[in-house]
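A.B. asks: The file below is data.txt, compact mmCIF, C-alpha atoms:
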```txt
# COMPACT_ATOMS: atom_id res chain seq x y z
CA MET A 29 98.42 -114.16 91.63
CA THR A 30 96.77 -110.75 91.41
CA SER A 31 93.29 -111.01 89.92
CA LEU A 32 92.42 -109.20 86.74
CA PRO A 33 89.69 -106.54 86.69
CA SER A 34 86.30 -108.16 86.27
CA THR A 35 84.14 -105.59 84.53
CA GLY A 36 84.16 -102.11 83.09
CA GLU A 37 87.92 -101.66 82.85
CA SER A 38 89.96 -101.34 79.67
CA PHE A 39 93.20 -103.04 78.71
CA GLY A 40 95.13 -99.87 79.51
CA SER A 41 93.80 -99.41 83.06
CA ALA A 42 96.19 -98.91 85.96
CA GLU A 43 94.82 -101.97 87.73
CA LEU A 44 95.44 -104.23 84.74
CA ALA A 45 98.89 -102.73 84.25
CA ALA A 46 99.68 -103.60 87.88
CA ALA A 47 98.36 -107.11 87.36
CA ARG A 48 100.50 -107.45 84.27
CA ARG A 49 103.63 -106.43 86.19
CA THR A 50 102.79 -108.92 88.92
CA ILE A 51 102.26 -111.98 86.75
CA ALA A 52 104.30 -111.13 83.66
CA ARG A 53 106.86 -113.80 82.84
CA VAL A 54 108.56 -114.89 79.68
CA ASP A 55 105.86 -117.54 79.21
CA ASN A 56 102.93 -115.10 79.55
CA ILE A 57 101.63 -113.13 76.57
CA ALA A 58 98.96 -110.46 77.07
CA PHE A 59 95.95 -110.73 74.78
CA VAL A 60 92.59 -109.16 74.02
CA LYS A 61 89.75 -111.09 72.37
CA GLY A 62 87.35 -109.42 69.95
CA HIS A 63 85.02 -110.13 67.05
CA GLY A 64 83.30 -108.52 64.08
CA THR A 65 79.98 -110.22 63.29
CA ARG A 66 81.33 -113.28 65.17
CA ASN A 67 84.48 -113.50 63.06
CA ASP A 68 86.73 -113.66 66.13
CA PHE A 69 90.33 -112.68 66.72
CA VAL A 70 92.98 -112.71 69.42
CA LEU A 71 94.89 -109.42 69.52
CA LEU A 72 98.46 -109.45 70.81
CA PRO A 73 99.66 -105.97 71.87
CA ASP A 74 103.32 -105.83 70.80
CA PRO A 75 104.04 -102.15 70.11
CA ASP A 76 107.83 -102.47 70.00
CA GLY A 77 107.92 -105.65 67.92
CA ALA A 78 109.47 -107.73 70.70
CA LEU A 79 107.27 -110.80 70.18
CA ALA A 80 108.59 -113.40 67.76
CA LEU A 81 105.20 -114.75 66.70
CA THR A 82 105.57 -118.07 64.90
CA ALA A 83 103.02 -119.99 62.87
CA GLU A 84 102.97 -122.65 65.60
CA MET A 85 102.22 -120.07 68.28
CA ALA A 86 99.42 -118.50 66.26
CA ALA A 87 97.83 -121.89 65.58
CA ALA A 88 98.08 -122.84 69.27
CA ILE A 89 96.43 -119.58 70.34
CA CYS A 90 93.58 -120.09 67.86
CA ASP A 91 92.93 -123.71 68.90
CA ARG A 92 89.38 -123.82 70.29
CA ARG A 93 90.12 -126.78 72.57
CA SER A 94 93.59 -126.16 73.98
CA GLY A 95 94.07 -122.46 73.22
CA ILE A 96 92.09 -119.24 73.48
CA GLY A 97 90.16 -119.98 70.31
CA ALA A 98 89.80 -117.68 67.28
CA ASP A 99 89.62 -117.44 63.51
CA GLY A 100 92.88 -115.53 63.50
CA VAL A 101 95.56 -113.59 65.39
CA LEU A 102 96.15 -109.83 65.08
CA ARG A 103 99.54 -108.70 66.34
CA VAL A 104 99.41 -104.97 67.18
CA VAL A 105 102.84 -103.54 66.34
CA ARG A 106 104.15 -100.13 65.35
CA ALA A 107 104.87 -99.96 61.63
CA ASP A 108 108.38 -98.63 62.25
CA ALA A 109 109.14 -101.68 64.42
CA GLU A 110 108.16 -104.31 61.85
CA ALA A 111 110.22 -105.20 58.77
CA ASP A 112 107.13 -105.96 56.68
CA ALA A 113 105.67 -102.52 57.42
CA ILE A 114 108.56 -100.11 57.84
CA ALA A 115 108.10 -98.74 54.32
CA MET A 116 104.56 -97.72 55.32
CA ALA A 117 105.56 -96.09 58.63
CA GLY A 118 105.30 -92.61 57.12
CA SER A 119 101.62 -93.19 56.34
CA ALA A 120 100.47 -95.39 59.25
CA THR A 121 101.58 -95.64 62.86
CA TRP A 122 100.28 -99.17 63.42
CA PHE A 123 100.68 -102.42 61.48
CA MET A 124 98.18 -105.29 61.62
CA ASP A 125 100.20 -108.51 61.48
CA TYR A 126 97.40 -110.94 60.56
CA ARG A 127 97.68 -114.71 60.90
CA ASN A 128 95.02 -117.26 59.98
CA SER A 129 94.01 -119.89 62.53
CA ASP A 130 96.43 -122.39 60.99
CA GLY A 131 99.27 -119.91 61.54
CA SER A 132 99.62 -118.91 57.90
CA ILE A 133 100.06 -115.25 56.95
CA SER A 134 97.39 -113.32 55.05
CA GLU A 135 97.43 -109.92 53.38
CA THR A 136 94.41 -108.32 55.01
CA CYS A 137 91.07 -108.93 56.74
CA GLY A 138 88.07 -106.59 56.72
CA ASN A 139 86.56 -107.78 60.00
CA GLY A 140 90.00 -107.96 61.59
CA LEU A 141 90.74 -104.37 60.60
CA ARG A 142 87.58 -103.14 62.32
CA VAL A 143 88.42 -105.04 65.51
CA PHE A 144 92.04 -103.84 65.33
CA ALA A 145 90.88 -100.22 64.98
CA ARG A 146 88.40 -100.58 67.84
CA PHE A 147 91.24 -101.83 70.05
CA LEU A 148 93.44 -98.85 69.15
CA VAL A 149 90.70 -96.33 69.95
CA ASP A 150 89.39 -98.06 73.08
CA THR A 151 92.89 -98.27 74.58
CA GLY A 152 93.88 -94.71 73.69
CA LEU A 153 96.55 -95.78 71.20
CA ALA A 154 94.68 -93.82 68.53
CA GLN A 155 92.09 -91.09 68.55
CA PRO A 156 88.56 -91.55 67.16
CA GLY A 157 88.02 -90.42 63.62
CA ARG A 158 90.06 -91.16 60.52
CA LEU A 159 92.77 -93.80 60.99
CA GLN A 160 95.41 -95.32 58.73
CA ILE A 161 96.52 -98.90 59.41
CA ALA A 162 99.30 -100.71 57.58
CA THR A 163 98.68 -104.25 56.34
CA ARG A 164 100.53 -106.61 54.03
CA GLY A 165 98.02 -105.49 51.41
CA GLY A 166 98.95 -101.82 51.88
CA VAL A 167 97.74 -98.90 53.99
CA VAL A 168 94.01 -99.00 54.78
CA HIS A 169 91.86 -96.03 55.81
CA LEU A 170 89.15 -96.41 58.46
CA ASP A 171 86.57 -94.24 60.21
CA VAL A 172 86.18 -95.11 63.90
CA ASP A 173 83.71 -93.40 66.25
CA ILE A 174 84.23 -93.42 70.01
CA ASP A 175 81.86 -96.41 70.03
CA GLY A 176 79.63 -98.31 67.64
CA ASP A 177 80.30 -99.56 64.12
CA VAL A 178 83.58 -99.13 62.24
CA THR A 179 83.92 -98.34 58.52
CA VAL A 180 86.86 -99.61 56.46
CA ASP A 181 87.82 -98.37 53.01
CA MET A 182 88.67 -101.71 51.41
CA GLY A 183 89.73 -100.15 48.12
CA ALA A 184 88.50 -101.19 44.70
CA ALA A 185 87.77 -104.77 43.76
CA THR A 186 89.44 -106.39 40.78
CA LEU A 187 87.21 -108.89 39.01
CA GLY A 188 88.85 -111.72 37.11
CA THR A 189 87.76 -114.71 35.10
CA LEU A 190 85.40 -117.55 35.94
CA SER A 191 86.48 -120.60 37.90
CA THR A 192 84.78 -123.34 39.92
CA ALA A 193 84.67 -124.66 43.45
CA VAL A 194 83.59 -128.24 44.06
CA VAL A 195 81.75 -129.14 47.28
CA GLY A 196 80.88 -132.81 47.54
CA ASP A 197 80.13 -133.80 43.97
CA VAL A 198 78.69 -130.42 42.92
CA ALA A 199 80.68 -127.80 41.00
CA TYR A 200 79.77 -124.16 41.68
CA GLU A 201 80.80 -121.59 39.07
CA GLY A 202 82.19 -118.37 40.48
CA VAL A 203 83.97 -115.13 39.66
CA MET A 204 87.55 -114.59 40.77
CA VAL A 205 87.88 -111.35 42.77
CA SER A 206 90.88 -109.68 44.37
CA MET A 207 90.35 -107.49 47.44
CA GLY A 208 94.07 -107.48 48.15
CA ASN A 209 93.48 -111.14 49.02
CA PRO A 210 91.95 -113.75 46.69
CA HIS A 211 88.25 -114.67 46.52
CA LEU A 212 85.98 -116.86 44.43
CA VAL A 213 82.38 -115.63 44.56
CA CYS A 214 79.86 -118.32 43.62
CA VAL A 215 76.33 -116.99 43.13
CA THR A 216 73.92 -119.91 43.26
CA ASP A 217 70.31 -120.89 43.82
CA ALA A 218 71.40 -123.87 45.94
CA ASP A 219 70.34 -124.15 49.58
CA LEU A 220 73.29 -122.65 51.44
CA GLU A 221 72.43 -124.40 54.69
CA SER A 222 72.91 -127.78 53.04
CA LEU A 223 76.51 -127.07 51.98
CA ASP A 224 79.16 -129.07 53.80
CA LEU A 225 82.00 -126.60 54.36
CA THR A 226 83.82 -128.70 56.93
CA THR A 227 86.38 -129.53 54.25
CA ILE A 228 88.19 -127.24 51.83
CA PRO A 229 86.29 -126.68 48.56
CA ASP A 230 88.18 -128.15 45.62
CA VAL A 231 89.49 -125.35 43.39
CA ASP A 232 91.93 -125.07 40.50
CA PRO A 233 95.41 -124.91 42.09
CA LEU A 234 96.79 -123.12 39.04
CA ALA A 235 94.21 -120.35 39.45
CA PHE A 236 94.76 -120.12 43.20
CA PRO A 237 98.34 -121.15 44.01
CA ALA A 238 98.19 -119.47 47.45
CA GLY A 239 94.68 -120.70 48.27
CA VAL A 240 91.43 -118.75 48.12
CA ASN A 241 88.45 -117.60 50.18
CA VAL A 242 85.31 -119.10 48.63
CA GLU A 243 81.94 -117.37 49.03
CA PHE A 244 78.63 -119.12 48.30
CA VAL A 245 75.88 -116.57 47.72
CA ASN A 246 72.09 -116.43 47.39
CA ILE A 247 70.60 -113.18 46.06
CA VAL A 248 67.51 -112.56 48.20
CA GLY A 249 66.48 -109.05 47.20
CA ASP A 250 67.51 -105.79 45.57
CA ARG A 251 71.15 -105.18 46.66
CA HIS A 252 70.70 -107.84 49.33
CA ALA A 253 72.40 -111.24 49.57
CA VAL A 254 73.05 -114.08 51.98
CA MET A 255 76.42 -115.81 52.02
CA ARG A 256 78.55 -118.50 53.63
CA VAL A 257 82.31 -118.50 53.34
CA HIS A 258 85.20 -120.92 53.60
CA GLU A 259 88.36 -118.93 54.37
CA ARG A 260 91.79 -120.19 53.41
CA GLY A 261 93.77 -121.12 56.48
CA SER A 262 90.75 -120.91 58.80
CA GLY A 263 87.91 -123.03 57.40
CA GLU A 264 84.31 -121.87 57.50
CA THR A 265 83.94 -118.68 59.52
CA GLN A 266 80.87 -116.85 60.74
CA SER A 267 81.79 -113.79 58.69
CA CYS A 268 84.37 -112.43 56.25
CA GLY A 269 84.61 -108.70 55.62
CA SER A 270 86.74 -108.82 52.48
CA GLY A 271 84.47 -111.63 51.28
CA ALA A 272 81.39 -109.45 51.76
CA CYS A 273 83.10 -106.77 49.66
CA ALA A 274 83.95 -109.30 46.95
CA VAL A 275 80.31 -110.39 46.90
CA ALA A 276 79.11 -106.78 46.64
CA ALA A 277 81.50 -106.22 43.72
CA VAL A 278 80.09 -109.21 41.83
CA LEU A 279 76.50 -108.18 42.56
CA ALA A 280 77.27 -104.66 41.31
CA ALA A 281 78.73 -106.13 38.12
CA ILE A 282 75.52 -108.12 37.65
CA ASP A 283 73.48 -104.93 38.26
CA GLY A 284 75.73 -102.94 35.93
CA SER A 285 76.23 -100.09 38.40
CA LEU A 286 79.09 -99.46 40.85
CA THR A 287 76.95 -97.31 43.13
CA GLY A 288 74.83 -97.58 46.24
CA GLU A 289 74.82 -99.87 49.24
CA TYR A 290 74.62 -103.66 49.45
CA LEU A 291 73.52 -105.59 52.53
CA ILE A 292 75.28 -108.91 53.05
CA ASP A 293 73.90 -111.31 55.67
CA LEU A 294 76.29 -113.88 57.09
CA PRO A 295 75.85 -116.48 59.85
CA GLY A 296 77.44 -113.99 62.28
CA GLY A 297 75.36 -110.97 61.34
CA ARG A 298 74.89 -108.26 58.73
CA LEU A 299 77.56 -106.19 56.99
CA SER A 300 77.02 -103.13 54.84
CA VAL A 301 79.12 -102.49 51.73
CA ARG A 302 78.80 -99.13 50.01
CA PHE A 303 80.51 -97.82 46.88
CA ASP A 304 82.07 -94.37 47.13
CA ASP A 305 82.58 -91.94 44.24
CA GLU A 306 85.95 -93.53 43.37
CA GLY A 307 84.56 -97.05 43.20
CA HIS A 308 86.06 -98.06 46.54
CA LEU A 309 84.11 -100.45 48.73
CA LEU A 310 83.35 -99.10 52.21
CA LEU A 311 82.73 -101.96 54.63
CA ARG A 312 80.75 -101.09 57.77
CA GLY A 313 79.83 -103.28 60.71
CA PRO A 314 80.31 -103.90 64.43
CA ALA A 315 83.62 -104.46 66.20
CA VAL A 316 83.47 -105.66 69.80
CA LEU A 317 86.17 -106.40 72.39
CA VAL A 318 84.99 -109.12 74.75
CA ALA A 319 87.88 -110.35 76.93
CA GLU A 320 91.46 -109.75 78.00
CA GLY A 321 94.05 -111.77 79.85
CA PHE A 322 97.31 -113.69 79.49
CA TRP A 323 98.15 -116.67 77.34
CA ARG A 324 100.37 -119.18 79.08
CA THR A 325 102.81 -120.40 76.44
CA ASP A 326 103.92 -123.27 78.71
CA ARG A 327 100.40 -124.73 79.08
CA HIS A 328 99.16 -125.40 75.54
```
Translate this structure into structure tokens?
C.D. replies:
Amino acid sequence: MTSLPSTGESFGSAELAAARRTIARVDNIAFVKGHGTRNDFVLLPDPDGALALTAEMAAAICDRRSGIGADGVLRVVRADAEADAIAMAGSATWFMDYRNSDGSISETCGNGLRVFARFLVDTGLAQPGRLQIATRGGVVHLDVDIDGDVTVDMGAATLGTLSTAVVGDVAYEGVMVSMGNPHLVCVTDADLESLDLTTIPDVDPLAFPAGVNVEFVNIVGDRHAVMRVHERGSGETQSCGSGACAVAAVLAAIDGSLTGEYLIDLPGGRLSVRFDDEGHLLLRGPAVLVAEGFWRTDRH
């Protein structure tokens, strides 16, 4: 078997392309691994929509013992080659087909979008600057430099009514927020490190029939908060971009001003959320590609 490049070479390099031709078989799927503040993803380049990605395949890829290991899968497919995105093909060339680690489908993902955009630019599939990416939550605009952080326009938040999440025997009151996907933001004085998020927080199934991302938040300063998050379909993750935006929206409502920048610290690092003049939340943070290779579908 031809060895893959070891360092300093991108997914699109001639050497890796030759390696792919040498070892490509029906049971090999090319992948790239990346993360945004340690919220990690496996990207599957599938420009022509030839890969029939099932929930079982996505879950197997994300398995941290027998698979590659990730919080989710991002299939990279042209919008005009994907039924769920073809209506958006006039506005966006690429569609982010996002799957949670249990294989379930989700509308969007802030950290995933940044990693997805970094992949497009680093591999030459898109030019640096302003990008449009199609998601199941609609077309998203991003700003991507040649390197460094990536900014995502996550749109405006929609705040709903109050609800609760129960962890152990403690009920935490929170605000329902939609960022294109559902969130419950629970601002609390409780010690976040003591929370057991190894199981799904108990929420009202009538309020969240499709599940919900639950954020537990301590306010630690002016426009500054610390949070942990349990994501539907993935469990506790090190970071959640749409969750950080939901938190910033709730903090802004508490402050009574949809302006300025909020800093949100998560176990995986810091994210910045800024309000623009239209009330959209601009999420900024790192996006890093760390590995590439082939997933053997006959070995999991």
A.B. asks: Around the point (76.2, -118.2, 66.1), in the coordinates given by the file, pick out the residues reaching within 8 Å, counting all atoms listed in the file, and return them as a PyMOL selection string.
C.D. replies: chain A and resi 66+266+295-296
A.B. asks: So the first atom is CA of Arg158 (chain A) and the second is CA of Thr121 (chain A); what is the distance between them in Å, to one decimal place?
C.D. replies: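 So the two atoms, CA of Arg158 (chain A) and CA of Thr121 (chain A), lie 12.6 Å apart.
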A.B. asks: Leu71 (chain A): which residues within 10 Å, counting all atoms listed in the file, same-chain residues fewer than 2 positions away excluded, as a list in words?
C.D. replies: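 Contacts, with the query itself left out: Ala58, Phe59, Val60, Lys61, Gly62, Asp68, Phe69, Pro73, Asp74, Ala98, Gly100, Val101, Leu102, Arg103, Val104, Met124, Asp125, Tyr126, Gly140, Val143, Phe144, Phe147, Leu317 and Glu320 of chain A.
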A.B. asks: Between A:Leu294, A:Ile96, A:Leu310, A:Ile282, which has the minimum distance to Val245 (chain A) (counting all atoms listed in the file)?
C.D. replies: A:Leu294
A.B. asks: So which one's closest to Leu279 (chain A), A:Val205, A:Ala154, A:Ile228, A:Ala107? Using only C-alpha atoms, please.
C.D. replies: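 Once distances to Leu279 (chain A) are computed over only C-alpha atoms, the minimum belongs to A:Val205.
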A.B. asks: Using CA of Cys214 (chain A) and CA of Arg302 (chain A) as the two end points, give the distance in Å to one decimal.
C.D. replies: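 Rounded to one decimal, the two atoms are 20.3 Å apart.
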A.B. asks: Would you kindly return, as an NGL selection string, each protein, DNA or RNA residue with an atom no farther than 12 Å from any atom of Asp305 (chain A), considering only C-alpha atoms and excluding same-chain residues fewer than 3 positions away?
C.D. replies: :A and (183-184 or 285-288 or 302 or 308-310)
A.B. asks: Between A:Ser270, A:Ser134, A:Asn246, A:Ser222, which has the minimum distance to Val180 (chain A) (counting only C-alpha atoms)?
C.D. replies: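 Between A:Ser270, A:Ser134, A:Asn246, A:Ser222, the residue approaching Val180 (chain A) most closely is A:Ser270.
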A.B. asks: Could you tell me which of A:Val248, A:Asp175, A:Thr192, A:Thr65 comes closest to Leu299 (chain A) if we count all atoms listed in the file?
C.D. replies: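 Nearest to Leu299 (chain A): A:Thr65.
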A.B. asks: Expressed in Å to a single decimal, how great is the separation between CA of Met182 (chain A) and CA of Leu170 (chain A)?
C.D. replies: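 CA of Leu170 (chain A) lies at a distance of 8.8 Å from CA of Met182 (chain A).
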A.B. asks: Check the smallest atom-to-atom distance from each of A:Val275, A:Val198, A:Ala193, A:Leu153 to Phe236 (chain A) using all atoms listed in the file, then report the winner.
C.D. replies: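 For Phe236 (chain A), the nearest of the given residues is A:Ala193.
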A.B. asks: Which polymer residues have any atom within 9 Å of an atom of region 113-115 of chain A, counting all atoms listed in the file, with same-chain residues fewer than 6 positions away left out, as a VMD selection string?
C.D. replies: chain A and resid 106 to 107 122 to 123 162 to 164 166
A.B. asks: Of the residues A:Leu190, A:Val257, A:Cys273, A:Ile57, which is the one nearest to Leu81 (chain A), using only C-alpha atoms?
C.D. replies: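 Nearest candidate to Leu81 (chain A) out of A:Leu190, A:Val257, A:Cys273, A:Ile57: A:Ile57.
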A.B. asks: As a ChimeraX atom specification, please: the residues near Ala281 (chain A) (cut-off 12 Å, only C-alpha atoms, same-chain neighbours under 6 positions excluded).
C.D. replies: /A:185-188,203,205,251,274-275,287,307
A.B. asks: Would you mind exporting the chosen residues as a JSON list (two decimals), in the frame of the given file, restricted to C-alpha atoms?
C.D. replies:
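Ended up saving to out03.json:
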```
[["chain", "number", "residue", "atom", "x", "y", "z"],
["A", 185, "ALA", "CA", 87.77, -104.77, 43.76],
["A", 186, "THR", "CA", 89.44, -106.39, 40.78],
["A", 187, "LEU", "CA", 87.21, -108.89, 39.01],
["A", 188, "GLY", "CA", 88.85, -111.72, 37.11],
["A", 203, "VAL", "CA", 83.97, -115.13, 39.66],
["A", 205, "VAL", "CA", 87.88, -111.35, 42.77],
["A", 251, "ARG", "CA", 71.15, -105.18, 46.66],
["A", 274, "ALA", "CA", 83.95, -109.30, 46.95],
["A", 275, "VAL", "CA", 80.31, -110.39, 46.90],
["A", 287, "THR", "CA", 76.95, -97.31, 43.13],
["A", 307, "GLY", "CA", 84.56, -97.05, 43.20]]
```
A.B. asks: At most 9 Å from (72.7, -124.6, 42.8), file frame, all atoms listed in the file: which residues, as a PyMOL selection string?
C.D. replies: chain A and resi 198-200+215-220
A.B. asks: Could you turn the residues from that selection into a file that holds C-alpha atoms, as a CSV table (one decimal), in the coordinates of the input?
C.D. replies:
```
chain,number,residue,atom,x,y,z
A,198,VAL,CA,78.7,-130.4,42.9
A,199,ALA,CA,80.7,-127.8,41.0
A,200,TYR,CA,79.8,-124.2,41.7
A,215,VAL,CA,76.3,-117.0,43.1
A,216,THR,CA,73.9,-119.9,43.3
A,217,ASP,CA,70.3,-120.9,43.8
A,218,ALA,CA,71.4,-123.9,45.9
A,219,ASP,CA,70.3,-124.2,49.6
A,220,LEU,CA,73.3,-122.6,51.4
```
A.B. asks: Using the partial input, fill out region 115-147 of chain A with N, CA and C atoms; write the result as a compact mmCIF listing (two decimals), keeping the file's coordinate frame.
C.D. replies:
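Wrote it out as selection11.txt, contents follow:
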```txt
# COMPACT_ATOMS: atom_id res chain seq x y z
N ALA A 115 108.25 -99.63 55.47
CA ALA A 115 108.10 -98.74 54.32
C ALA A 115 106.79 -97.95 54.38
N MET A 116 105.85 -98.40 55.18
CA MET A 116 104.56 -97.72 55.32
C MET A 116 104.48 -96.85 56.56
N ALA A 117 105.58 -96.79 57.35
CA ALA A 117 105.56 -96.09 58.63
C ALA A 117 105.28 -94.60 58.48
N GLY A 118 105.60 -94.02 57.33
CA GLY A 118 105.30 -92.61 57.12
C GLY A 118 103.83 -92.33 56.91
N SER A 119 103.05 -93.36 56.59
CA SER A 119 101.62 -93.19 56.34
C SER A 119 100.74 -93.76 57.44
N ALA A 120 101.26 -94.72 58.21
CA ALA A 120 100.47 -95.39 59.25
C ALA A 120 101.35 -95.67 60.45
N THR A 121 100.82 -95.38 61.63
CA THR A 121 101.58 -95.64 62.86
C THR A 121 101.57 -97.11 63.21
N TRP A 122 100.45 -97.79 62.96
CA TRP A 122 100.28 -99.17 63.42
C TRP A 122 100.17 -100.14 62.25
N PHE A 123 100.71 -101.34 62.47
CA PHE A 123 100.68 -102.42 61.48
C PHE A 123 99.88 -103.59 62.05
N MET A 124 98.95 -104.11 61.24
CA MET A 124 98.18 -105.29 61.62
C MET A 124 98.85 -106.52 61.02
N ASP A 125 99.56 -107.25 61.87
CA ASP A 125 100.20 -108.51 61.48
C ASP A 125 99.16 -109.61 61.64
N TYR A 126 98.54 -110.01 60.51
CA TYR A 126 97.40 -110.94 60.56
C TYR A 126 97.83 -112.36 60.25
N ARG A 127 97.43 -113.29 61.11
CA ARG A 127 97.68 -114.71 60.90
C ARG A 127 96.36 -115.46 60.92
N ASN A 128 96.18 -116.38 59.98
CA ASN A 128 95.02 -117.26 59.98
C ASN A 128 95.11 -118.24 61.14
N SER A 129 94.03 -118.98 61.37
CA SER A 129 94.01 -119.89 62.53
C SER A 129 94.96 -121.07 62.38
N ASP A 130 95.42 -121.34 61.15
CA ASP A 130 96.43 -122.39 60.99
C ASP A 130 97.85 -121.84 61.09
N GLY A 131 97.97 -120.55 61.38
CA GLY A 131 99.27 -119.91 61.54
C GLY A 131 99.79 -119.25 60.28
N SER A 132 99.15 -119.49 59.15
CA SER A 132 99.62 -118.91 57.90
C SER A 132 99.35 -117.40 57.85
N ILE A 133 100.15 -116.70 57.07
CA ILE A 133 100.06 -115.25 56.95
C ILE A 133 99.09 -114.88 55.84
N SER A 134 98.31 -113.82 56.06
CA SER A 134 97.39 -113.32 55.05
C SER A 134 97.60 -111.82 54.87
N GLU A 135 97.17 -111.32 53.70
CA GLU A 135 97.43 -109.92 53.38
C GLU A 135 96.58 -108.96 54.20
N THR A 136 95.30 -109.26 54.33
CA THR A 136 94.41 -108.32 55.01
C THR A 136 93.16 -109.05 55.47
N CYS A 137 92.31 -108.34 56.21
CA CYS A 137 91.07 -108.93 56.74
C CYS A 137 90.14 -107.79 57.13
N GLY A 138 88.99 -107.70 56.47
CA GLY A 138 88.07 -106.59 56.72
C GLY A 138 87.53 -106.57 58.13
N ASN A 139 87.06 -107.72 58.62
CA ASN A 139 86.56 -107.78 60.00
C ASN A 139 87.69 -107.56 60.99
N GLY A 140 88.86 -108.14 60.71
CA GLY A 140 90.00 -107.96 61.59
C GLY A 140 90.43 -106.50 61.69
N LEU A 141 90.39 -105.79 60.58
CA LEU A 141 90.74 -104.37 60.60
C LEU A 141 89.82 -103.57 61.51
N ARG A 142 88.52 -103.88 61.46
CA ARG A 142 87.58 -103.14 62.32
C ARG A 142 87.86 -103.43 63.79
N VAL A 143 88.12 -104.69 64.13
CA VAL A 143 88.42 -105.04 65.51
C VAL A 143 89.74 -104.41 65.94
N PHE A 144 90.73 -104.44 65.06
CA PHE A 144 92.04 -103.84 65.33
C PHE A 144 91.88 -102.34 65.62
N ALA A 145 91.10 -101.65 64.79
CA ALA A 145 90.88 -100.22 64.98
C ALA A 145 90.12 -99.93 66.27
N ARG A 146 89.14 -100.76 66.59
CA ARG A 146 88.40 -100.58 67.84
C ARG A 146 89.33 -100.73 69.04
N PHE A 147 90.26 -101.67 68.98
CA PHE A 147 91.24 -101.83 70.05
C PHE A 147 92.09 -100.58 70.19
```
